[in-house]
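To start, the structure under review is shown below, and the notes come after it.
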Amino acid sequence: MILFFYNVALLAALVVSAPWWLWKMATTHKYREGMAERLGWTPARLAALAGKRPLIWVHAVSVGEVLSVARMVKTMDAALPDYFVVVSTTTRTGQALARERFGRERVFYNPLDLPWAVRACLNTLNPQLLVLAETEFWPNLLSGCFRRKIPVAVVNARVSDRSWPRYRILRRLWRPFLSRISRVLAQSETDSQRLKAIGCRPERVTVAGNLKFDVRAAEEADATRRLKALAPGLRLIVAGSTLEGEETALLEAWPRLLQADPQLAMVLAPRHPERFGAVAALLENSGIPWVRRSDWSSKPEGSVQPLAPGQVVLLDTIGELASVYSLAAVAFVGGSLVDAGGHNPLEPAQFGVPIVMGPYDANFRAIIQDLRAHQALEITSKEELAAALIALLRDSTEAAAMGTRAREVFHEQAGATERCMTALRELLAGRRPTA
């Protein structure tokens, strides 16, 4: 009954919003991209695979989830050779990164949670297991799997502070779906308790840890190689996953930073690709010398001008930031000076880089608290950002010690991938692989 009313409401919303969606699709390419797949038409390349080998379907919404499951997917490839792992995403940026990490032949857009779209996709893929990253709960997708007796597992499961009140209010609506999920592997004890409270069966919920502690830069990115060659003798501040307002704060602090260390350059990596143009305009208007990373791609490495002290590199590419963090004297992790919940500090932590963040940490609170408990991360306000960065630039001994502590935390917390793999193997053990 709940599913019926959900679908009625979904259909009504679709009818009301149809003119807006049609206009967006007519005027903006990104709204048309992958539309056939979103409506349930599975690509022919995947349909062919589904007829030859049993599939495991992993769904990762966007860039962050793709990064968190990357190591697990590669582990599944090696540990489960009888299966073929396919990966879906919701966002365009997640799709681009997933294709880069896993290969285009097994990556596709997740179907919209419309009954016919989900049904068509499941009929074609016939997965032996659905693995959801974090808390990507969609009633029609879950119900479609339950009807086909396809086990559903949730890895890296979390309920953020921001979404917790909403889930708690609607827990009676969620319980019929969440109570049938086969395994829930939570990031933390807090997440475990919240997931049980909203309907997951307690005996099926365990704390496996955070897959993001197992994240490794897949390989040295081209941007990293070029920066090594273009910035000899310079110290880099890498400001990653920045949001609107944070770039302005960094550029306003830049003269003070250069006064403290004239041999600085900065790599500025906005979180969302659609903001690359806006940040480029901001840099152009600032009067600070800058260069686009993407401009290097069309030039032989020897023809690119070396970076000058005080110059800013706009990292307007996808998937290179994690590797570029390895070059940082100090890293700033964005989404944290503005009320957006912060982004993942583990990407610089794995390289032993000292980390500065703002006060907003809802998305990664457990990780940030762990790093702070080990004095491996500095929290600052927008007003004190320059001072916090300068302190680490001037005290190289403390900066190195902070970076070492961050790397130790990163390695101590590793192991979530193997715990998730153990649970997934158990789910598959009761199913005979069928194409």
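Going through the structure tokens in order, the chains are called A, B, and so on, while each chain numbers its residues from 1 and the ligands are numbered from 1 in the order shown.
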Residues of stretch 87-170 of chain A at most 12 Å from stretch 272-289 of chain A: nearest atom pair and distance in Å, only C-alpha atoms, as a tab-separated table:
residue	atom	partner	partner_atom	distance
A:Thr91	CA	A:His272	CA	11.1
A:Arg92	CA	A:Pro273	CA	9.9
A:Thr93	CA	A:Pro273	CA	7.7
A:Gly94	CA	A:His272	CA	10.8
A:Ala96	CA	A:Pro273	CA	11.3
Just write the chosen residues, N, CA and C atoms, as a CSV table (one decimal), in the first residue's frame.
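Produced file again34.csv, reproduced below:
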chain,number,residue,atom,x,y,z
A,91,THR,N,24.8,10.9,-11.1
A,91,THR,CA,25.2,12.1,-11.6
A,91,THR,C,26.2,12.0,-12.8
A,92,ARG,N,26.2,13.0,-13.6
A,92,ARG,CA,27.1,13.1,-14.8
A,92,ARG,C,28.6,13.0,-14.4
A,93,THR,N,29.0,13.7,-13.3
A,93,THR,CA,30.4,13.7,-12.9
A,93,THR,C,30.7,12.3,-12.3
A,94,GLY,N,29.8,11.7,-11.6
A,94,GLY,CA,30.0,10.3,-11.1
A,94,GLY,C,30.2,9.3,-12.2
A,96,ALA,N,31.3,10.0,-15.3
A,96,ALA,CA,32.6,10.2,-15.9
A,96,ALA,C,33.8,9.5,-15.1
- Secondary structure check, alpha helix (DSSP H) residues of stretch 122-278 of chain A, as a PyMOL selection string: chain A and resi 122-125+139-147+164-169+171-178+189-197+222-230+246-260+276-278
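Taking only C-alpha atoms, the non-local environment of A:Leu125 within 7 Å (same-chain residues fewer than 4 positions away omitted) comprises A:Ala47, A:Ala50, A:Cys121.
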- Task: Mind checking which residues fall within 12 Å of A:Arg256, counting only C-alpha atoms, ignoring those fewer than 2 positions away in the same chain, and posting them as a ChimeraX atom specification?
- Result: /A:249-254,258-262,264,310,384-391,393
- Item | Contact residues around A:Arg162 with only C-alpha atoms at 9 Å, ignoring same-chain residues under 5 positions, as a PyMOL selection string | chain A and resi 341+362-363
- Query: atom CA of A:Ala366 to atom CA of A:Leu211: how many Å, to one decimal?
  - Reply: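 Atom CA of A:Ala366 sits 12.8 Å away from atom CA of A:Leu211.
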- Message: List as a VMD selection string the protein and nucleic acid residues near A:Arg183, meaning an atom at most 7 Å away when only C-alpha atoms are counted, but skip any in the same chain fewer than 5 places from it.
- Response: chain A and resid 152 to 154 204 to 205
- Quick one: residues within 8 Å of stretch 189-191 of chain A, only C-alpha atoms counted, chain neighbours fewer than 2 positions away excluded, as a PyMOL selection string? chain A and resi 157-160+186-187+193-195+207
- Task: Name the residues of stretch 183-375 of chain A that fall into strand (DSSP E or B) according to DSSP on the backbone, using the chain letters and numbers of this document, as a count of residues only.
- Result: 37
- Which of these residues is nearest to A:Tyr109, using only C-alpha atoms: A:Glu408, A:Asp361, A:Asp339, A:Glu37?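 So, comparing all the options, the nearest one is A:Glu37.
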- Query: To one decimal place, how far is atom CA of A:Pro115 from atom CA of A:Glu65 in Å?
  - Reply: 24.6 Å
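Note that atom CA of A:Ile367 and atom CA of A:Tyr167 are 22.2 Å apart.
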- Note on the structure: If you count only C-alpha atoms, the residue of A:Met421, A:Val324, A:Ile368, A:Leu427 closest to A:Glu219 turns out to be A:Val324
- Task: May I ask which of the residues A:Ala429, A:Leu424, A:Ala416, A:Val353 is the closest one to A:Glu398, counting only C-alpha atoms?
- Result: A:Val353
- Nearest to A:Asp370, restricted to only C-alpha atoms and choosing among A:Ala400, A:Ala98, A:Val409, A:Ala44, comes out as A:Val409
